[in-house]
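**Student:** See coords_8.cif below, with mmCIF, C-alpha atoms, pLDDT in the B column; chains and numbers go by the auth columns.
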```cif
data_work
loop_
_atom_site.group_PDB
_atom_site.id
_atom_site.type_symbol
_atom_site.label_atom_id
_atom_site.label_comp_id
_atom_site.label_asym_id
_atom_site.label_seq_id
_atom_site.Cartn_x
_atom_site.Cartn_y
_atom_site.Cartn_z
_atom_site.B_iso_or_equiv
_atom_site.auth_seq_id
_atom_site.auth_asym_id
ATOM 1 C CA MET A 1 4.419 7.845 0.355 98.00 1 A
ATOM 2 C CA LEU A 2 6.573 9.988 2.579 98.00 2 A
ATOM 3 C CA VAL A 3 10.215 10.854 1.927 98.00 3 A
ATOM 4 C CA PHE A 4 12.390 12.160 4.747 98.00 4 A
ATOM 5 C CA SER A 5 15.601 13.634 3.324 98.00 5 A
ATOM 6 C CA ASN A 6 17.447 14.298 6.601 97.00 6 A
ATOM 7 C CA GLU A 7 16.617 10.857 7.962 98.00 7 A
ATOM 8 C CA LYS A 8 17.294 9.149 4.603 98.00 8 A
ATOM 9 C CA LEU A 9 13.995 7.299 4.872 98.00 9 A
ATOM 10 C CA VAL A 10 11.148 6.470 2.487 98.00 10 A
ATOM 11 C CA PHE A 11 7.829 5.365 4.003 98.00 11 A
ATOM 12 C CA LEU A 12 5.808 3.380 1.469 98.00 12 A
ATOM 13 C CA SER A 13 2.014 3.537 1.796 98.00 13 A
ATOM 14 C CA VAL A 14 0.717 -0.035 1.642 98.00 14 A
ATOM 15 C CA PRO A 15 -3.073 0.245 1.160 97.00 15 A
ATOM 16 C CA LYS A 16 -5.271 -0.549 4.184 97.00 16 A
ATOM 17 C CA THR A 17 -2.415 -0.405 6.705 97.00 17 A
ATOM 18 C CA GLY A 18 -3.138 2.930 8.403 95.00 18 A
ATOM 19 C CA THR A 19 -0.721 4.956 6.312 94.00 19 A
ATOM 20 C CA THR A 20 -3.134 7.900 6.011 94.00 20 A
ATOM 21 C CA ALA A 21 -2.897 8.326 9.801 96.00 21 A
ATOM 22 C CA TYR A 22 0.910 8.112 9.651 96.00 22 A
ATOM 23 C CA GLU A 23 0.849 10.670 6.846 97.00 23 A
ATOM 24 C CA ALA A 24 -1.277 13.068 8.901 97.00 24 A
ATOM 25 C CA ALA A 25 1.139 12.813 11.826 98.00 25 A
ATOM 26 C CA LEU A 26 4.437 12.827 9.927 98.00 26 A
ATOM 27 C CA ALA A 27 3.825 14.953 6.821 98.00 27 A
ATOM 28 C CA PRO A 28 5.116 18.183 8.413 98.00 28 A
ATOM 29 C CA ARG A 29 8.545 16.538 8.836 98.00 29 A
ATOM 30 C CA ALA A 30 8.675 15.010 5.338 98.00 30 A
ATOM 31 C CA ALA A 31 10.527 16.537 2.402 98.00 31 A
ATOM 32 C CA ILE A 32 8.110 14.898 -0.043 98.00 32 A
ATOM 33 C CA VAL A 33 4.500 13.866 0.593 98.00 33 A
ATOM 34 C CA VAL A 34 2.725 11.973 -2.181 97.00 34 A
ATOM 35 C CA ARG A 35 -1.033 12.084 -1.588 96.00 35 A
ATOM 36 C CA GLN A 36 -2.575 11.820 -5.044 95.00 36 A
ATOM 37 C CA PRO A 37 -3.264 10.047 -7.298 96.00 37 A
ATOM 38 C CA PRO A 38 -3.649 6.721 -5.430 94.00 38 A
ATOM 39 C CA GLU A 39 -1.342 4.961 -7.927 94.00 39 A
ATOM 40 C CA LEU A 40 1.493 7.240 -6.777 96.00 40 A
ATOM 41 C CA LYS A 41 0.547 7.513 -3.092 97.00 41 A
ATOM 42 C CA HIS A 42 0.438 3.726 -2.916 97.00 42 A
ATOM 43 C CA ALA A 43 3.509 3.123 -5.073 98.00 43 A
ATOM 44 C CA PRO A 44 4.764 -0.437 -4.474 98.00 44 A
ATOM 45 C CA VAL A 45 8.463 -1.266 -4.312 98.00 45 A
ATOM 46 C CA PHE A 46 8.697 -1.833 -8.096 98.00 46 A
ATOM 47 C CA ARG A 47 7.179 1.606 -8.855 98.00 47 A
ATOM 48 C CA TYR A 48 9.293 3.299 -6.184 98.00 48 A
ATOM 49 C CA ASN A 49 12.376 1.634 -7.697 98.00 49 A
ATOM 50 C CA ARG A 50 11.542 2.629 -11.261 97.00 50 A
ATOM 51 C CA PHE A 51 10.270 6.187 -10.830 97.00 51 A
ATOM 52 C CA PHE A 52 10.932 7.656 -7.388 98.00 52 A
ATOM 53 C CA ARG A 53 14.281 6.146 -6.334 98.00 53 A
ATOM 54 C CA PRO A 54 16.248 7.583 -9.289 98.00 54 A
ATOM 55 C CA ALA A 55 14.969 11.111 -8.601 97.00 55 A
ATOM 56 C CA ILE A 56 15.480 10.815 -4.850 98.00 56 A
ATOM 57 C CA GLU A 57 19.036 9.560 -5.321 97.00 57 A
ATOM 58 C CA LYS A 58 19.816 12.286 -7.867 97.00 58 A
ATOM 59 C CA PHE A 59 18.604 15.145 -5.695 97.00 59 A
ATOM 60 C CA MET A 60 18.937 13.818 -2.124 98.00 60 A
ATOM 61 C CA GLY A 61 21.716 11.231 -2.346 97.00 61 A
ATOM 62 C CA GLU A 62 21.897 7.469 -2.008 96.00 62 A
ATOM 63 C CA GLY A 63 21.492 5.209 0.996 96.00 63 A
ATOM 64 C CA PHE A 64 17.800 5.645 1.780 98.00 64 A
ATOM 65 C CA ASP A 65 16.103 3.047 3.953 98.00 65 A
ATOM 66 C CA VAL A 66 12.643 1.937 2.872 98.00 66 A
ATOM 67 C CA LEU A 67 9.974 1.406 5.521 98.00 67 A
ATOM 68 C CA ALA A 68 6.572 -0.269 5.162 98.00 68 A
ATOM 69 C CA VAL A 69 3.771 -1.642 7.313 98.00 69 A
ATOM 70 C CA MET A 70 2.158 -5.004 6.593 98.00 70 A
ATOM 71 C CA ARG A 71 -1.148 -6.205 7.973 97.00 71 A
ATOM 72 C CA GLU A 72 -2.142 -9.767 8.880 97.00 72 A
ATOM 73 C CA PRO A 73 -3.675 -11.065 5.602 96.00 73 A
ATOM 74 C CA LEU A 74 -7.210 -11.907 6.800 97.00 74 A
ATOM 75 C CA ASP A 75 -7.425 -8.652 8.733 97.00 75 A
ATOM 76 C CA TRP A 76 -6.180 -6.807 5.628 98.00 76 A
ATOM 77 C CA LEU A 77 -8.839 -8.501 3.472 98.00 77 A
ATOM 78 C CA GLY A 78 -11.450 -7.674 6.115 98.00 78 A
ATOM 79 C CA SER A 79 -10.540 -4.016 5.839 97.00 79 A
ATOM 80 C CA TRP A 80 -10.957 -4.122 2.054 98.00 80 A
ATOM 81 C CA TYR A 81 -14.259 -5.987 2.432 98.00 81 A
ATOM 82 C CA ARG A 82 -15.646 -3.364 4.841 97.00 82 A
ATOM 83 C CA TYR A 83 -14.301 -0.476 2.742 97.00 83 A
ATOM 84 C CA ARG A 84 -16.167 -1.775 -0.292 97.00 84 A
ATOM 85 C CA GLN A 85 -19.381 -2.013 1.748 96.00 85 A
ATOM 86 C CA ARG A 86 -19.465 1.647 2.737 96.00 86 A
ATOM 87 C CA PRO A 87 -22.696 3.570 2.091 95.00 87 A
ATOM 88 C CA GLY A 88 -23.135 4.877 -1.441 95.00 88 A
ATOM 89 C CA GLN A 89 -21.104 2.077 -2.995 93.00 89 A
ATOM 90 C CA GLU A 90 -23.958 -0.391 -3.459 95.00 90 A
ATOM 91 C CA GLN A 91 -23.918 -0.062 -7.257 95.00 91 A
ATOM 92 C CA ALA A 92 -20.141 0.150 -7.731 96.00 92 A
ATOM 93 C CA ARG A 93 -18.666 -2.709 -9.769 95.00 93 A
ATOM 94 C CA ASN A 94 -16.284 -3.537 -6.906 96.00 94 A
ATOM 95 C CA SER A 95 -18.911 -3.322 -4.147 97.00 95 A
ATOM 96 C CA THR A 96 -19.117 -6.161 -1.624 98.00 96 A
ATOM 97 C CA HIS A 97 -22.769 -5.438 -0.785 97.00 97 A
ATOM 98 C CA GLY A 98 -24.694 -8.719 -0.765 96.00 98 A
ATOM 99 C CA ILE A 99 -21.480 -10.785 -0.617 97.00 99 A
ATOM 100 C CA SER A 100 -20.369 -12.657 2.495 98.00 100 A
ATOM 101 C CA PHE A 101 -16.835 -12.242 3.791 98.00 101 A
ATOM 102 C CA ASP A 102 -16.221 -15.963 3.179 98.00 102 A
ATOM 103 C CA ASP A 103 -17.248 -15.534 -0.478 98.00 103 A
ATOM 104 C CA PHE A 104 -15.035 -12.451 -0.745 98.00 104 A
ATOM 105 C CA VAL A 105 -11.988 -14.366 0.554 98.00 105 A
ATOM 106 C CA THR A 106 -12.758 -17.382 -1.662 98.00 106 A
ATOM 107 C CA GLU A 107 -12.951 -15.110 -4.706 98.00 107 A
ATOM 108 C CA TYR A 108 -9.715 -13.351 -3.696 98.00 108 A
ATOM 109 C CA MET A 109 -7.901 -16.706 -3.754 97.00 109 A
ATOM 110 C CA LYS A 110 -8.892 -17.404 -7.375 96.00 110 A
ATOM 111 C CA GLY A 111 -6.510 -16.784 -10.241 89.00 111 A
ATOM 112 C CA LYS A 112 -8.990 -14.638 -12.143 95.00 112 A
ATOM 113 C CA ARG A 113 -10.924 -12.621 -9.568 97.00 113 A
ATOM 114 C CA ALA A 114 -14.246 -10.842 -9.791 97.00 114 A
ATOM 115 C CA ALA A 115 -13.983 -7.041 -9.618 97.00 115 A
ATOM 116 C CA PHE A 116 -15.069 -6.931 -5.969 98.00 116 A
ATOM 117 C CA ALA A 117 -12.074 -9.097 -4.967 98.00 117 A
ATOM 118 C CA GLN A 118 -9.389 -7.287 -6.970 97.00 118 A
ATOM 119 C CA VAL A 119 -7.503 -5.645 -4.135 97.00 119 A
ATOM 120 C CA GLY A 120 -3.901 -6.352 -5.033 95.00 120 A
ATOM 121 C CA SER A 121 -1.420 -8.175 -2.823 96.00 121 A
ATOM 122 C CA GLN A 122 0.731 -7.015 0.051 97.00 122 A
ATOM 123 C CA THR A 123 3.330 -9.596 -0.950 96.00 123 A
ATOM 124 C CA LYS A 124 3.509 -8.257 -4.509 97.00 124 A
ATOM 125 C CA PHE A 125 3.542 -4.673 -3.197 98.00 125 A
ATOM 126 C CA LEU A 126 6.601 -5.435 -1.047 98.00 126 A
ATOM 127 C CA GLU A 127 8.442 -7.676 -3.525 98.00 127 A
ATOM 128 C CA PRO A 128 12.203 -6.902 -3.706 98.00 128 A
ATOM 129 C CA GLN A 129 13.606 -5.862 -7.059 98.00 129 A
ATOM 130 C CA ASN A 130 16.440 -7.486 -9.001 98.00 130 A
ATOM 131 C CA ASN A 131 18.733 -4.488 -8.439 97.00 131 A
ATOM 132 C CA GLY A 132 18.480 -4.922 -4.648 97.00 132 A
ATOM 133 C CA THR A 133 15.844 -2.278 -3.971 98.00 133 A
ATOM 134 C CA ALA A 134 13.751 -3.654 -1.123 98.00 134 A
ATOM 135 C CA VAL A 135 11.960 -2.762 2.071 98.00 135 A
ATOM 136 C CA THR A 136 14.613 -2.516 4.764 98.00 136 A
ATOM 137 C CA HIS A 137 12.242 -2.009 7.725 98.00 137 A
ATOM 138 C CA LEU A 138 8.961 -3.953 7.783 98.00 138 A
ATOM 139 C CA PHE A 139 6.580 -3.441 10.691 97.00 139 A
ATOM 140 C CA ARG A 140 3.461 -5.326 11.700 96.00 140 A
ATOM 141 C CA TYR A 141 0.284 -3.243 11.550 96.00 141 A
ATOM 142 C CA GLU A 142 -0.709 -4.631 14.948 91.00 142 A
ATOM 143 C CA ASP A 143 2.429 -3.173 16.506 87.00 143 A
#
```
What's the structure tokens form of this structure?
**Tutor:**
Amino acid sequence: MLVFSNEKLVFLSVPKTGTTAYEAALAPRAAIVVRQPPELKHAPVFRYNRFFRPAIEKFMGEGFDVLAVMREPLDWLGSWYRYRQRPGQEQARNSTHGISFDDFVTEYMKGKRAAFAQVGSQTKFLEPQNNGTAVTHLFRYED
């Protein structure tokens, strides 16, 4: 997550959408850069709303726009599938070694998923909150 105080902009880091590259390019301009742990770096709208927004508004003022990037769903799942096939991960409980991409996607669509298909949801990540907190600028990964 990147917070730009002068620009009144928060850039949420949706997993598997190239946000590490954006971070590398834009971090020098940001007032706040959240890199670790992953649960904070990849804070979805609900977590931003609950924990970060109150502090940002208290110390930097209100009226921040929220930006995010979303990837085409099958391409996004393909990125997760490949990431979980990287060398050294063969024995990890969420490894996709020995699993076809079709089986990975089929498992992802189930209500109760196997560990290798538990990758979250872009839709849930970007879900607006009851108090009106929402992504105000959504860009396609391909663009």
**Student:** Would you please work out which residue, of A:Glu142, A:Arg86, A:Thr136, A:Ile32, is nearest to A:Phe59 when using all atoms listed in the file?
**Tutor:** A:Ile32
**Student:** The PyMOL selection byres ((chain A and resi 38) around 12) on the file shown: which residues, as a PyMOL selection string?
**Tutor:** chain A and resi 1+13-15+20+34-37+39-44
**Student:** Would you kindly translate the PyMOL selection byres ((chain A and resi 95-101) around 8) into the concrete residues it picks from this file, as a list in words?
**Tutor:**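 Applied to this file, the PyMOL selection byres ((chain A and resi 95-101) around 8) selects Gly78, Tyr81, Arg82, Arg84, Gln85, Gln89, Glu90, Gln91, Ala92, Arg93, Asn94, Asp102, Asp103, Phe104, Val105 and Phe116 of chain A.
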**Student:** Considering all atoms listed in the file, can you say which of A:Arg29, A:Lys16, A:Lys8, A:Arg47 comes closest to A:Lys124?
**Tutor:**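 The answer is A:Arg47, which sits nearest to A:Lys124.
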**Student:** Between atom CA of A:Trp76 and atom CA of A:Val10, what distance in Å does the model show, to one decimal?
**Tutor:**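 It comes out at 22.1 Å.
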**Student:** What lies within 9 Å of A:Val135 using only C-alpha atoms, ignoring chain neighbours under 4 positions off, as a list of chain:residue names?
**Tutor:**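 Returned residues: A:Leu12, A:Val45, A:Asp65, A:Val66, A:Leu67, A:Ala68, A:Leu126, A:Glu127, A:Pro128.
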